[in-house]
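File shown here: coords_27.cif, holding mmCIF, C-alpha atoms and all ligand atoms.
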```cif
data_data
loop_
_atom_site.group_PDB
_atom_site.id
_atom_site.type_symbol
_atom_site.label_atom_id
_atom_site.label_comp_id
_atom_site.auth_asym_id
_atom_site.auth_seq_id
_atom_site.Cartn_x
_atom_site.Cartn_y
_atom_site.Cartn_z
ATOM 1 C CA MET V 851 -4.107 112.882 72.583
ATOM 2 C CA LYS V 852 -7.637 111.479 72.683
ATOM 3 C CA TYR V 853 -6.578 108.060 74.010
ATOM 4 C CA SER V 854 -6.191 106.933 77.616
ATOM 5 C CA ARG V 855 -4.697 103.424 77.495
ATOM 6 C CA ILE V 856 -1.834 102.895 75.071
ATOM 7 C CA VAL V 857 0.118 99.749 74.220
ATOM 8 C CA ILE V 858 3.146 100.115 71.966
ATOM 9 C CA LEU V 859 5.008 97.189 70.393
ATOM 10 C CA THR V 860 8.485 97.691 68.981
ATOM 11 C CA GLY V 861 10.752 95.487 66.879
ATOM 12 C CA ALA V 862 14.204 95.549 65.344
ATOM 13 C CA GLY V 863 13.303 98.403 62.952
ATOM 14 C CA ILE V 864 13.264 100.949 65.772
ATOM 15 C CA SER V 865 16.914 100.222 66.572
ATOM 16 C CA ALA V 866 18.073 100.073 62.934
ATOM 17 C CA GLU V 867 18.978 103.764 62.832
ATOM 18 C CA SER V 868 21.017 103.274 66.006
ATOM 19 C CA GLY V 869 23.231 100.879 64.032
ATOM 20 C CA ILE V 870 21.772 97.518 65.097
ATOM 21 C CA ARG V 871 20.979 95.183 62.202
ATOM 22 C CA THR V 872 17.436 93.924 61.753
ATOM 23 C CA PHE V 873 16.828 90.168 61.456
ATOM 24 C CA ARG V 874 15.170 89.828 58.102
ATOM 25 C CA GLY V 875 16.763 92.705 56.185
ATOM 26 C CA ALA V 876 19.407 92.262 53.441
ATOM 27 C CA ASP V 877 20.604 88.633 53.568
ATOM 28 C CA GLY V 878 19.479 88.235 57.199
ATOM 29 C CA LEU V 879 22.382 85.904 57.881
ATOM 30 C CA TRP V 880 25.018 85.860 60.615
ATOM 31 C CA GLU V 881 28.253 84.168 59.489
ATOM 32 C CA ASN V 882 26.141 82.292 56.913
ATOM 33 C CA HIS V 883 23.831 80.896 59.595
ATOM 34 C CA ARG V 884 20.104 81.443 59.387
ATOM 35 C CA LEU V 885 18.459 82.838 62.536
ATOM 36 C CA GLU V 886 16.785 79.487 63.211
ATOM 37 C CA GLU V 887 20.250 77.889 63.403
ATOM 38 C CA VAL V 888 21.314 80.093 66.324
ATOM 39 C CA ALA V 889 18.093 81.191 68.043
ATOM 40 C CA THR V 890 16.600 77.883 69.175
ATOM 41 C CA PRO V 891 17.127 75.721 72.283
ATOM 42 C CA GLU V 892 18.113 72.884 69.936
ATOM 43 C CA ALA V 893 20.888 74.995 68.392
ATOM 44 C CA PHE V 894 22.184 75.855 71.879
ATOM 45 C CA ALA V 895 22.146 72.201 72.940
ATOM 46 C CA LYS V 896 23.963 71.146 69.763
ATOM 47 C CA ASN V 897 26.552 73.916 69.538
ATOM 48 C CA PRO V 898 26.594 76.185 72.626
ATOM 49 C CA GLN V 899 29.920 77.784 71.596
ATOM 50 C CA LEU V 900 28.426 79.019 68.318
ATOM 51 C CA VAL V 901 25.297 80.389 69.974
ATOM 52 C CA GLN V 902 27.264 82.090 72.777
ATOM 53 C CA ARG V 903 29.523 83.681 70.136
ATOM 54 C CA PHE V 904 26.479 85.062 68.290
ATOM 55 C CA TYR V 905 25.250 86.767 71.477
ATOM 56 C CA ASN V 906 28.743 87.804 72.648
ATOM 57 C CA GLU V 907 29.284 89.649 69.368
ATOM 58 C CA ARG V 908 25.932 91.397 69.615
ATOM 59 C CA ARG V 909 26.543 92.294 73.282
ATOM 60 C CA ARG V 910 29.931 93.796 72.445
ATOM 61 C CA GLN V 911 28.348 95.806 69.637
ATOM 62 C CA LEU V 912 25.541 97.042 71.901
ATOM 63 C CA LEU V 913 28.081 98.202 74.504
ATOM 64 C CA SER V 914 30.213 100.076 71.996
ATOM 65 C CA PRO V 915 30.001 103.879 72.385
ATOM 66 C CA GLU V 916 28.536 104.448 68.927
ATOM 67 C CA ILE V 917 25.325 102.547 69.700
ATOM 68 C CA THR V 918 22.942 105.040 71.302
ATOM 69 C CA PRO V 919 19.149 105.564 71.321
ATOM 70 C CA ASN V 920 17.777 107.413 68.306
ATOM 71 C CA ALA V 921 14.988 109.983 67.962
ATOM 72 C CA ALA V 922 12.293 107.253 67.903
ATOM 73 C CA HIS V 923 13.393 105.764 71.254
ATOM 74 C CA ARG V 924 13.516 109.256 72.738
ATOM 75 C CA ALA V 925 10.079 110.208 71.368
ATOM 76 C CA LEU V 926 8.490 107.160 73.058
ATOM 77 C CA ALA V 927 10.184 107.989 76.368
ATOM 78 C CA GLN V 928 8.846 111.546 76.150
ATOM 79 C CA LEU V 929 5.359 110.295 75.291
ATOM 80 C CA GLU V 930 5.367 108.047 78.368
ATOM 81 C CA LYS V 931 6.645 110.862 80.579
ATOM 82 C CA HIS V 932 3.891 113.283 79.612
ATOM 83 C CA PHE V 933 1.026 110.850 79.000
ATOM 84 C CA PRO V 934 -1.587 111.050 81.776
ATOM 85 C CA GLY V 935 -3.154 107.592 81.164
ATOM 86 C CA ASP V 936 -1.914 103.984 81.130
ATOM 87 C CA PHE V 937 1.132 103.392 79.007
ATOM 88 C CA LEU V 938 2.861 100.086 78.292
ATOM 89 C CA LEU V 939 5.817 99.634 75.965
ATOM 90 C CA VAL V 940 6.430 96.050 74.850
ATOM 91 C CA THR V 941 9.631 95.433 72.943
ATOM 92 C CA GLN V 942 10.754 92.338 71.081
ATOM 93 C CA ASN V 943 14.269 93.782 71.098
ATOM 94 C CA ILE V 944 16.913 92.500 73.464
ATOM 95 C CA ASP V 945 18.959 95.712 73.345
ATOM 96 C CA ASP V 946 18.607 98.292 76.153
ATOM 97 C CA LEU V 947 18.035 101.364 73.991
ATOM 98 C CA HIS V 948 14.502 102.033 75.264
ATOM 99 C CA GLU V 949 15.633 102.181 78.882
ATOM 100 C CA CYS V 950 18.702 104.252 77.909
ATOM 101 C CA ALA V 951 16.293 106.743 76.289
ATOM 102 C CA GLY V 952 14.275 106.931 79.536
ATOM 103 C CA SER V 953 11.367 104.491 79.005
ATOM 104 C CA ARG V 954 10.160 103.021 82.308
ATOM 105 C CA ASN V 955 7.029 100.886 81.913
ATOM 106 C CA LEU V 956 8.716 98.446 79.569
ATOM 107 C CA ILE V 957 8.501 94.711 78.947
ATOM 108 C CA HIS V 958 11.289 92.874 77.098
ATOM 109 C CA MET V 959 9.153 89.993 75.834
ATOM 110 C CA HIS V 960 12.115 88.291 74.070
ATOM 111 C CA GLY V 961 14.576 88.859 76.921
ATOM 112 C CA GLU V 962 17.631 91.035 77.427
ATOM 113 C CA LEU V 963 21.098 90.810 75.932
ATOM 114 C CA LEU V 964 22.719 92.270 79.051
ATOM 115 C CA LYS V 965 21.488 89.423 81.262
ATOM 116 C CA ALA V 966 22.441 85.763 81.639
ATOM 117 C CA ARG V 967 20.120 83.154 83.140
ATOM 118 C CA CYS V 968 20.818 80.007 85.090
ATOM 119 C CA ALA V 969 19.075 77.182 83.228
ATOM 120 C CA ILE V 970 18.515 75.373 86.540
ATOM 121 C CA SER V 971 17.252 78.064 88.932
ATOM 122 C CA GLY V 972 15.977 80.586 86.372
ATOM 123 C CA GLN V 973 17.849 83.344 88.239
ATOM 124 C CA CYS V 974 19.106 86.239 86.081
ATOM 125 C CA PHE V 975 22.399 88.099 86.322
ATOM 126 C CA SER V 976 23.567 91.321 84.686
ATOM 127 C CA ILE V 977 26.433 90.743 82.285
ATOM 128 C CA ARG V 978 28.497 93.113 80.220
ATOM 129 C CA GLU V 979 31.293 90.692 79.326
ATOM 130 C CA ASP V 980 31.375 87.697 77.001
ATOM 131 C CA LEU V 981 29.573 84.604 78.257
ATOM 132 C CA HIS V 982 31.462 81.332 77.839
ATOM 133 C CA VAL V 983 30.188 77.785 77.930
ATOM 134 C CA GLU V 984 32.503 76.884 80.804
ATOM 135 C CA ALA V 985 31.516 79.949 82.923
ATOM 136 C CA VAL V 986 30.620 79.119 86.528
ATOM 137 C CA CYS V 987 27.107 80.129 87.559
ATOM 138 C CA PRO V 988 27.014 82.485 90.598
ATOM 139 C CA CYS V 989 23.955 80.691 92.043
ATOM 140 C CA CYS V 990 24.556 76.960 91.538
ATOM 141 C CA LYS V 991 28.373 77.192 91.259
ATOM 142 C CA ARG V 992 28.274 74.801 88.315
ATOM 143 C CA SER V 993 29.812 75.254 84.929
ATOM 144 C CA GLY V 994 27.662 75.073 81.771
ATOM 145 C CA THR V 995 24.335 76.186 83.239
ATOM 146 C CA LEU V 996 24.411 79.845 82.173
ATOM 147 C CA ARG V 997 22.676 80.869 78.956
ATOM 148 C CA PRO V 998 21.727 84.191 77.384
ATOM 149 C CA HIS V 999 18.490 85.556 78.895
ATOM 150 C CA VAL V 1000 16.689 85.543 75.551
ATOM 151 C CA VAL V 1001 13.574 83.840 74.194
ATOM 152 C CA TRP V 1002 14.302 81.435 71.375
ATOM 153 C CA PHE V 1003 11.877 79.880 68.894
ATOM 154 C CA GLY V 1004 9.720 77.323 70.671
ATOM 155 C CA GLU V 1005 10.103 79.052 74.063
ATOM 156 C CA MET V 1006 7.429 81.056 75.835
ATOM 157 C CA PRO V 1007 7.896 84.842 75.582
ATOM 158 C CA LEU V 1008 8.051 86.729 78.896
ATOM 159 C CA GLU V 1009 5.251 88.442 80.853
ATOM 160 C CA MET V 1010 2.532 87.351 78.433
ATOM 161 C CA GLU V 1011 -0.266 87.669 80.996
ATOM 162 C CA ARG V 1012 0.564 91.299 81.651
ATOM 163 C CA ILE V 1013 0.789 91.996 77.911
ATOM 164 C CA TYR V 1014 -2.521 90.317 77.005
ATOM 165 C CA SER V 1015 -4.251 92.049 79.877
ATOM 166 C CA ALA V 1016 -3.038 95.492 78.688
ATOM 167 C CA LEU V 1017 -4.039 94.646 75.086
ATOM 168 C CA ALA V 1018 -7.532 93.599 76.161
ATOM 169 C CA ASP V 1019 -7.994 96.984 77.784
ATOM 170 C CA CYS V 1020 -6.198 99.400 75.428
ATOM 171 C CA ASP V 1021 -7.757 102.038 73.206
ATOM 172 C CA LEU V 1022 -4.639 102.645 71.076
ATOM 173 C CA PHE V 1023 -2.179 100.034 69.806
ATOM 174 C CA VAL V 1024 0.910 101.133 67.887
ATOM 175 C CA SER V 1025 3.329 98.704 66.240
ATOM 176 C CA ILE V 1026 6.741 100.086 65.295
ATOM 177 C CA GLY V 1027 9.530 98.528 63.192
ATOM 178 C CA THR V 1028 8.491 94.894 63.197
ATOM 179 C CA SER V 1029 8.003 92.633 60.181
ATOM 180 C CA GLY V 1030 5.043 90.746 61.695
ATOM 181 C CA ASN V 1031 6.657 87.387 61.041
ATOM 182 C CA VAL V 1032 7.082 86.172 64.601
ATOM 183 C CA TYR V 1033 4.243 85.113 66.892
ATOM 184 C CA PRO V 1034 2.763 85.770 69.379
ATOM 185 C CA ALA V 1035 3.814 89.444 68.873
ATOM 186 C CA ALA V 1036 2.467 89.440 65.296
ATOM 187 C CA GLY V 1037 -0.971 88.586 66.701
ATOM 188 C CA PHE V 1038 -1.142 91.475 69.190
ATOM 189 C CA VAL V 1039 -2.891 93.717 66.649
ATOM 190 C CA GLU V 1040 -5.795 91.255 66.506
ATOM 191 C CA CYS V 1041 -6.114 91.345 70.321
ATOM 192 C CA ALA V 1042 -6.138 95.156 70.251
ATOM 193 C CA ASN V 1043 -8.709 95.186 67.433
ATOM 194 C CA ARG V 1044 -10.952 92.855 69.457
ATOM 195 C CA ALA V 1045 -10.685 95.316 72.363
ATOM 196 C CA GLY V 1046 -11.985 98.046 70.013
ATOM 197 C CA ALA V 1047 -8.664 99.916 69.984
ATOM 198 C CA HIS V 1048 -7.406 102.055 67.128
ATOM 199 C CA SER V 1049 -4.401 100.242 65.592
ATOM 200 C CA VAL V 1050 -1.508 101.971 63.862
ATOM 201 C CA GLU V 1051 1.503 100.517 62.070
ATOM 202 C CA LEU V 1052 4.658 102.641 61.829
ATOM 203 C CA ASN V 1053 7.208 100.845 59.659
ATOM 204 C CA LEU V 1054 9.427 101.254 56.625
ATOM 205 C CA GLU V 1055 6.991 99.092 54.670
ATOM 206 C CA ARG V 1056 3.710 97.259 55.140
ATOM 207 C CA SER V 1057 4.356 94.258 57.403
ATOM 208 C CA SER V 1058 3.105 90.672 56.988
ATOM 209 C CA VAL V 1059 0.149 91.516 59.234
ATOM 210 C CA GLY V 1060 -0.285 95.043 57.830
ATOM 211 C CA ASP V 1061 -3.856 94.412 56.666
ATOM 212 C CA ALA V 1062 -4.995 94.115 60.285
ATOM 213 C CA PHE V 1063 -4.111 97.752 61.075
ATOM 214 C CA ALA V 1064 -6.535 100.645 60.714
ATOM 215 C CA GLU V 1065 -3.807 103.210 59.990
ATOM 216 C CA HIS V 1066 -0.330 103.053 58.415
ATOM 217 C CA ARG V 1067 2.544 105.466 58.279
ATOM 218 C CA HIS V 1068 5.571 104.373 56.307
ATOM 219 C CA GLY V 1069 9.112 105.697 56.747
ATOM 220 C CA PRO V 1070 12.143 105.467 59.013
ATOM 221 C CA ALA V 1071 11.194 105.211 62.692
ATOM 222 C CA SER V 1072 13.148 108.327 63.707
ATOM 223 C CA GLN V 1073 10.829 110.307 61.428
ATOM 224 C CA VAL V 1074 7.437 108.579 61.622
ATOM 225 C CA VAL V 1075 7.491 107.954 65.381
ATOM 226 C CA THR V 1076 8.546 111.515 66.143
ATOM 227 C CA GLU V 1077 5.761 112.864 63.920
ATOM 228 C CA PHE V 1078 3.198 110.454 65.357
ATOM 229 C CA VAL V 1079 3.777 111.359 69.016
ATOM 230 C CA ARG V 1080 3.984 115.107 68.335
HETATM 231 C C1 LIG V 1101 12.323 99.753 59.899
HETATM 232 C C2 LIG V 1101 13.546 100.432 59.803
HETATM 233 C C3 LIG V 1101 13.561 101.781 60.204
HETATM 234 C C4 LIG V 1101 13.861 98.436 59.101
HETATM 235 N N1 LIG V 1101 12.411 102.333 60.664
HETATM 236 N N2 LIG V 1101 11.208 100.336 60.346
HETATM 237 C C5 LIG V 1101 1.698 80.645 64.810
HETATM 238 C C6 LIG V 1101 1.147 81.182 65.968
HETATM 239 C C7 LIG V 1101 1.894 81.277 67.159
HETATM 240 C C8 LIG V 1101 3.216 80.844 67.188
HETATM 241 C C9 LIG V 1101 3.765 80.311 66.033
HETATM 242 C C10 LIG V 1101 3.019 80.195 64.870
HETATM 243 N N3 LIG V 1101 3.792 79.640 63.936
HETATM 244 C C11 LIG V 1101 5.018 79.392 64.476
HETATM 245 C C12 LIG V 1101 5.026 79.809 65.738
HETATM 246 C C13 LIG V 1101 6.183 79.730 66.649
HETATM 247 C C14 LIG V 1101 7.234 80.818 66.538
HETATM 248 C C15 LIG V 1101 7.040 81.710 65.321
HETATM 249 O O1 LIG V 1101 6.443 82.768 65.352
HETATM 250 N N4 LIG V 1101 7.644 81.326 64.197
HETATM 251 C C16 LIG V 1101 7.541 82.122 62.968
HETATM 252 C C17 LIG V 1101 8.876 82.110 62.259
HETATM 253 C C18 LIG V 1101 6.383 81.624 62.148
HETATM 254 N N5 LIG V 1101 7.172 81.625 67.741
HETATM 255 C C19 LIG V 1101 7.765 81.211 68.855
HETATM 256 O O2 LIG V 1101 8.379 80.166 68.919
HETATM 257 C C20 LIG V 1101 7.625 82.100 70.069
HETATM 258 N N6 LIG V 1101 7.111 81.362 71.161
HETATM 259 C C21 LIG V 1101 5.863 80.879 71.152
HETATM 260 O O3 LIG V 1101 5.102 81.029 70.213
HETATM 261 O O4 LIG V 1101 5.515 80.246 72.324
HETATM 262 C C22 LIG V 1101 4.197 79.644 72.412
HETATM 263 C C23 LIG V 1101 3.109 80.623 72.707
HETATM 264 C C24 LIG V 1101 1.826 80.310 72.354
HETATM 265 C C25 LIG V 1101 0.777 81.177 72.638
HETATM 266 C C26 LIG V 1101 1.010 82.371 73.297
HETATM 267 C C27 LIG V 1101 2.287 82.664 73.668
HETATM 268 C C28 LIG V 1101 3.333 81.802 73.360
HETATM 269 C C29 LIG V 1101 8.992 82.648 70.490
HETATM 270 C C30 LIG V 1101 9.557 83.587 69.476
HETATM 271 C C31 LIG V 1101 10.968 84.034 69.903
HETATM 272 C C32 LIG V 1101 11.615 84.915 68.864
HETATM 273 N N7 LIG V 1101 12.982 85.118 69.191
HETATM 274 C C33 LIG V 1101 13.781 86.022 68.374
HETATM 275 C C34 LIG V 1101 15.236 85.924 68.866
HETATM 276 C C35 LIG V 1101 15.336 86.617 70.239
HETATM 277 C C36 LIG V 1101 16.717 86.791 70.709
HETATM 278 C C37 LIG V 1101 17.598 87.527 69.730
HETATM 279 O O5 LIG V 1101 17.423 88.755 69.485
HETATM 280 O O6 LIG V 1101 18.501 86.875 69.202
HETATM 281 O O7 LIG V 1101 13.298 87.365 68.491
HETATM 282 S S1 LIG V 1101 13.647 85.707 66.612
HETATM 283 C C38 LIG V 1101 13.741 87.398 66.127
HETATM 284 O O8 LIG V 1101 12.497 87.798 65.470
HETATM 285 C C39 LIG V 1101 13.814 88.210 67.434
HETATM 286 C C40 LIG V 1101 12.882 89.351 67.139
HETATM 287 O O9 LIG V 1101 12.440 89.930 68.354
HETATM 288 C C41 LIG V 1101 11.788 88.693 66.328
HETATM 289 C C42 LIG V 1101 10.967 89.652 65.514
HETATM 290 O O10 LIG V 1101 11.749 90.303 64.569
HETATM 291 P P1 LIG V 1101 11.408 91.820 64.190
HETATM 292 O O11 LIG V 1101 11.651 92.683 65.353
HETATM 293 O O12 LIG V 1101 10.068 91.884 63.578
HETATM 294 O O13 LIG V 1101 12.574 92.132 63.128
HETATM 295 P P2 LIG V 1101 12.580 91.934 61.533
HETATM 296 O O14 LIG V 1101 13.994 92.027 61.100
HETATM 297 O O15 LIG V 1101 11.843 90.732 61.138
HETATM 298 O O16 LIG V 1101 11.763 93.194 60.968
HETATM 299 C C43 LIG V 1101 12.221 94.523 61.078
HETATM 300 C C44 LIG V 1101 11.181 95.445 60.448
HETATM 301 O O17 LIG V 1101 11.631 96.781 60.648
HETATM 302 C C45 LIG V 1101 10.992 95.246 58.945
HETATM 303 O O18 LIG V 1101 9.591 95.243 58.634
HETATM 304 C C46 LIG V 1101 11.670 96.467 58.330
HETATM 305 O O19 LIG V 1101 11.026 96.927 57.144
HETATM 306 C C47 LIG V 1101 11.509 97.479 59.423
HETATM 307 N N8 LIG V 1101 12.552 98.508 59.453
HETATM 308 N N9 LIG V 1101 14.480 99.597 59.304
HETATM 309 C C48 LIG V 1101 11.279 101.597 60.730
HETATM 310 N N10 LIG V 1101 14.672 102.532 60.147
#
```
Show me this structure written as structure tokens.
Amino acid sequence: MKYSRIVILTGAGISAESGIRTFRGADGLWENHRLEEVATPEAFAKNPQLVQRFYNERRRQLLSPEITPNAAHRALAQLEKHFPGDFLLVTQNIDDLHECAGSRNLIHMHGELLKARCAISGQCFSIREDLHVEAVCPCCKRSGTLRPHVVWFGEMPLEMERIYSALADCDLFVSIGTSGNVYPAAGFVECANRAGAHSVELNLERSSVGDAFAEHRHGPASQVVTEFVR
């Protein structure tokens, strides 16, 4: 590969072939609720039981034996392993399929489903069970302070400084399986373009920010990602 500093962004499309639903495909609804009704701090304040149930269901699904990394997750882990330069994988996904496939230099910019966070101290805890509103927080010993460690609309995504710094210095930016509807991730391609990087979109279809990319390859991630890293 002729590049030396790669940043890769992934979205829900990379996990679709592992059996995890994307957000904006088909009807895009969960129990007739739009995403904005369950993925905002306001929704959590208004109806924490509903929001916890949404994440409990997804956590249980993620932990079921049939959900495993697919060829696209594995191809990225192999690329990182053998790549001699700087490599950063930024995922918007809250599943753990990249790390299960072996990816190491990874940022979960929208959080992690297998962690809970204390809303008071900010401390995170691994969880594999359901999270309930009345659960007692291990750090502050209070009930009602634990929330899913995820980034909702209106909240600041995680590790943005590290991401922007890698984007400002990369020579290849690859976006995989994301619709380009959610910012700031949808704007990363512009940062990479400003840095003079080559930008590539690997997706089933052209995304909302598809025009900003220099190169496109359309198809299922398991196929296009594997071919791209070969
Ligand atoms: C396949 C495939 C296969 C299918 N193979 N491909 C303008 C500028 C900046 C911000 C804003 C703005 N306007 C509004 C905002 C605010 C807002 C926002 O973007 N709103 C939009 C709706 C307009 N953004 C925020 O609030 C963010 N915070 C923020 O901006 O803070 C201030 C800030 C300012 C400046 C710098 C930095 C920060 C926070 C956003 C948090 C998003 N949270 C969620 C939920 C997380 C927890 C959870 O999972 O429940 O994150 S929403 C949801 O969308 C989730 C996803 O990570 C995210 C992106 O979805 P993704 O991954 O793109 O999935 P889909 O379903 O949309 O697309 C899948 C794609 O895959 C499709 O294209 C398919 O075709 C494709 N595909 N199968 C390959 N097999």
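Across the structure, CA of Val1032 (chain V) and atom C35 of ligand LIG 1101 (chain V) are spaced 10.0 Å apart.
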Using only C-alpha atoms, which protein or nucleic acid residues come within 10 Å of Met1006 (chain V)? Drop anything in the same chain fewer than 3 positions from it, and give the result as a tab-separated table (two decimals) with C-alpha atoms, in the frame of the given file.
```tsv
chain	number	residue	atom	x	y	z
V	959	MET	CA	9.15	89.99	75.83
V	960	HIS	CA	12.12	88.29	74.07
V	1001	VAL	CA	13.57	83.84	74.19
V	1002	TRP	CA	14.30	81.44	71.38
V	1003	PHE	CA	11.88	79.88	68.89
V	1009	GLU	CA	5.25	88.44	80.85
V	1010	MET	CA	2.53	87.35	78.43
V	1034	PRO	CA	2.76	85.77	69.38
```
Evaluate the PyMOL selection byres (((chain V and resi 975) around 12) and not hetatm) and report residues as an mmCIF file with C-alpha atoms, in the coordinates of the input:
```cif
data_model
loop_
_atom_site.group_PDB
_atom_site.id
_atom_site.type_symbol
_atom_site.label_atom_id
_atom_site.label_comp_id
_atom_site.auth_asym_id
_atom_site.auth_seq_id
_atom_site.Cartn_x
_atom_site.Cartn_y
_atom_site.Cartn_z
ATOM 1 C CA GLU V 962 17.631 91.035 77.427
ATOM 2 C CA LEU V 963 21.098 90.810 75.932
ATOM 3 C CA LEU V 964 22.719 92.270 79.051
ATOM 4 C CA LYS V 965 21.488 89.423 81.262
ATOM 5 C CA ALA V 966 22.441 85.763 81.639
ATOM 6 C CA ARG V 967 20.120 83.154 83.140
ATOM 7 C CA CYS V 968 20.818 80.007 85.090
ATOM 8 C CA ALA V 969 19.075 77.182 83.228
ATOM 9 C CA SER V 971 17.252 78.064 88.932
ATOM 10 C CA GLY V 972 15.977 80.586 86.372
ATOM 11 C CA GLN V 973 17.849 83.344 88.239
ATOM 12 C CA CYS V 974 19.106 86.239 86.081
ATOM 13 C CA SER V 976 23.567 91.321 84.686
ATOM 14 C CA ILE V 977 26.433 90.743 82.285
ATOM 15 C CA ARG V 978 28.497 93.113 80.220
ATOM 16 C CA GLU V 979 31.293 90.692 79.326
ATOM 17 C CA LEU V 981 29.573 84.604 78.257
ATOM 18 C CA CYS V 987 27.107 80.129 87.559
ATOM 19 C CA PRO V 988 27.014 82.485 90.598
ATOM 20 C CA CYS V 989 23.955 80.691 92.043
ATOM 21 C CA LEU V 996 24.411 79.845 82.173
ATOM 22 C CA ARG V 997 22.676 80.869 78.956
ATOM 23 C CA PRO V 998 21.727 84.191 77.384
ATOM 24 C CA HIS V 999 18.490 85.556 78.895
#
```
- Query: So which residues get picked by the PyMOL selection byres (((chain V and resi 1078) around 10) and not hetatm) here, written as a list in words?
  - Reply: Ala922, Ala925, Leu926, Val1024, Val1050, Leu1052, Arg1067, Ala1071, Gln1073, Val1074, Val1075, Thr1076, Glu1077, Val1079 and Arg1080 of chain V
- Message: Under the rule that only C-alpha atoms and all ligand atoms are counted, which of V:Ala1036, V:Cys990, V:Met851, V:Leu939 is the nearest residue to ligand LIG 1101 (chain V)?
- Response: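 Counting only C-alpha atoms and all ligand atoms, the residue closest to ligand LIG 1101 (chain V) is V:Ala1036.
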- Message: Between V:Val1059, V:Ala1042, V:Val940, V:Leu1022, which residue has the minimum interatomic distance to Leu859 (chain V), considering only C-alpha atoms?
- Response: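 Looking at the shortest contact to Leu859 (chain V), the residue is V:Val940.
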May I ask you to write as a PDB file with C-alpha atoms, in the coordinates of the input all residues lying at most 7 Å from ligand LIG 1101 (chain V), with all atoms listed in the file counted?
```pdb
ATOM      1  CA  THR V 860       8.485  97.691  68.981  1.00  0.00           C
ATOM      2  CA  GLY V 861      10.752  95.487  66.879  1.00  0.00           C
ATOM      3  CA  ALA V 862      14.204  95.549  65.344  1.00  0.00           C
ATOM      4  CA  GLY V 863      13.303  98.403  62.952  1.00  0.00           C
ATOM      5  CA  ILE V 864      13.264 100.949  65.772  1.00  0.00           C
ATOM      6  CA  ALA V 866      18.073 100.073  62.934  1.00  0.00           C
ATOM      7  CA  GLU V 867      18.978 103.764  62.832  1.00  0.00           C
ATOM      8  CA  THR V 872      17.436  93.924  61.753  1.00  0.00           C
ATOM      9  CA  PHE V 873      16.828  90.168  61.456  1.00  0.00           C
ATOM     10  CA  ARG V 874      15.170  89.828  58.102  1.00  0.00           C
ATOM     11  CA  GLY V 875      16.763  92.705  56.185  1.00  0.00           C
ATOM     12  CA  LEU V 885      18.459  82.838  62.536  1.00  0.00           C
ATOM     13  CA  ALA V 889      18.093  81.191  68.043  1.00  0.00           C
ATOM     14  CA  GLN V 942      10.754  92.338  71.081  1.00  0.00           C
ATOM     15  CA  ASN V 943      14.269  93.782  71.098  1.00  0.00           C
ATOM     16  CA  ILE V 944      16.913  92.500  73.464  1.00  0.00           C
ATOM     17  CA  HIS V 960      12.115  88.291  74.070  1.00  0.00           C
ATOM     18  CA  GLY V 961      14.576  88.859  76.921  1.00  0.00           C
ATOM     19  CA  VAL V1000      16.689  85.543  75.551  1.00  0.00           C
ATOM     20  CA  VAL V1001      13.574  83.840  74.194  1.00  0.00           C
ATOM     21  CA  TRP V1002      14.302  81.435  71.375  1.00  0.00           C
ATOM     22  CA  PHE V1003      11.877  79.880  68.894  1.00  0.00           C
ATOM     23  CA  GLY V1004       9.720  77.323  70.671  1.00  0.00           C
ATOM     24  CA  GLU V1005      10.103  79.052  74.063  1.00  0.00           C
ATOM     25  CA  MET V1006       7.429  81.056  75.835  1.00  0.00           C
ATOM     26  CA  PRO V1007       7.896  84.842  75.582  1.00  0.00           C
ATOM     27  CA  MET V1010       2.532  87.351  78.433  1.00  0.00           C
ATOM     28  CA  ILE V1026       6.741 100.086  65.295  1.00  0.00           C
ATOM     29  CA  GLY V1027       9.530  98.528  63.192  1.00  0.00           C
ATOM     30  CA  THR V1028       8.491  94.894  63.197  1.00  0.00           C
ATOM     31  CA  SER V1029       8.003  92.633  60.181  1.00  0.00           C
ATOM     32  CA  GLY V1030       5.043  90.746  61.695  1.00  0.00           C
ATOM     33  CA  ASN V1031       6.657  87.387  61.041  1.00  0.00           C
ATOM     34  CA  VAL V1032       7.082  86.172  64.601  1.00  0.00           C
ATOM     35  CA  TYR V1033       4.243  85.113  66.892  1.00  0.00           C
ATOM     36  CA  PRO V1034       2.763  85.770  69.379  1.00  0.00           C
ATOM     37  CA  LEU V1052       4.658 102.641  61.829  1.00  0.00           C
ATOM     38  CA  ASN V1053       7.208 100.845  59.659  1.00  0.00           C
ATOM     39  CA  LEU V1054       9.427 101.254  56.625  1.00  0.00           C
ATOM     40  CA  GLU V1055       6.991  99.092  54.670  1.00  0.00           C
ATOM     41  CA  SER V1057       4.356  94.258  57.403  1.00  0.00           C
ATOM     42  CA  GLY V1069       9.112 105.697  56.747  1.00  0.00           C
ATOM     43  CA  PRO V1070      12.143 105.467  59.013  1.00  0.00           C
ATOM     44  CA  ALA V1071      11.194 105.211  62.692  1.00  0.00           C
ATOM     45  CA  SER V1072      13.148 108.327  63.707  1.00  0.00           C
TER      46      SER V1072
END
```
- Could you jot down the CA of Tyr853 (chain V) to CA of His923 (chain V) separation for me, Å, one decimal place?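 These two atoms are separated by 20.3 Å.
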- Closest to Leu956 (chain V) among V:Arg884, V:Lys852, V:Lys896, V:Arg1012, using only C-alpha atoms?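 Distance minimum relative to Leu956 (chain V) lands on V:Arg1012.
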Tell me which protein, DNA and RNA residues are within 10 Å of Asp936 (chain V), counting all atoms listed in the file, leaving out same-chain ones fewer than 4 positions away, and put them as an mmCIF file with C-alpha atoms, keeping the file's coordinate frame.
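This is the output file part.cif:
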```cif
data_model
loop_
_atom_site.group_PDB
_atom_site.id
_atom_site.type_symbol
_atom_site.label_atom_id
_atom_site.label_comp_id
_atom_site.auth_asym_id
_atom_site.auth_seq_id
_atom_site.Cartn_x
_atom_site.Cartn_y
_atom_site.Cartn_z
ATOM 1 C CA TYR V 853 -6.578 108.060 74.010
ATOM 2 C CA SER V 854 -6.191 106.933 77.616
ATOM 3 C CA ARG V 855 -4.697 103.424 77.495
ATOM 4 C CA ILE V 856 -1.834 102.895 75.071
ATOM 5 C CA VAL V 857 0.118 99.749 74.220
ATOM 6 C CA GLU V 930 5.367 108.047 78.368
ATOM 7 C CA ASN V 955 7.029 100.886 81.913
ATOM 8 C CA ALA V 1016 -3.038 95.492 78.688
ATOM 9 C CA ASP V 1019 -7.994 96.984 77.784
ATOM 10 C CA CYS V 1020 -6.198 99.400 75.428
#
```
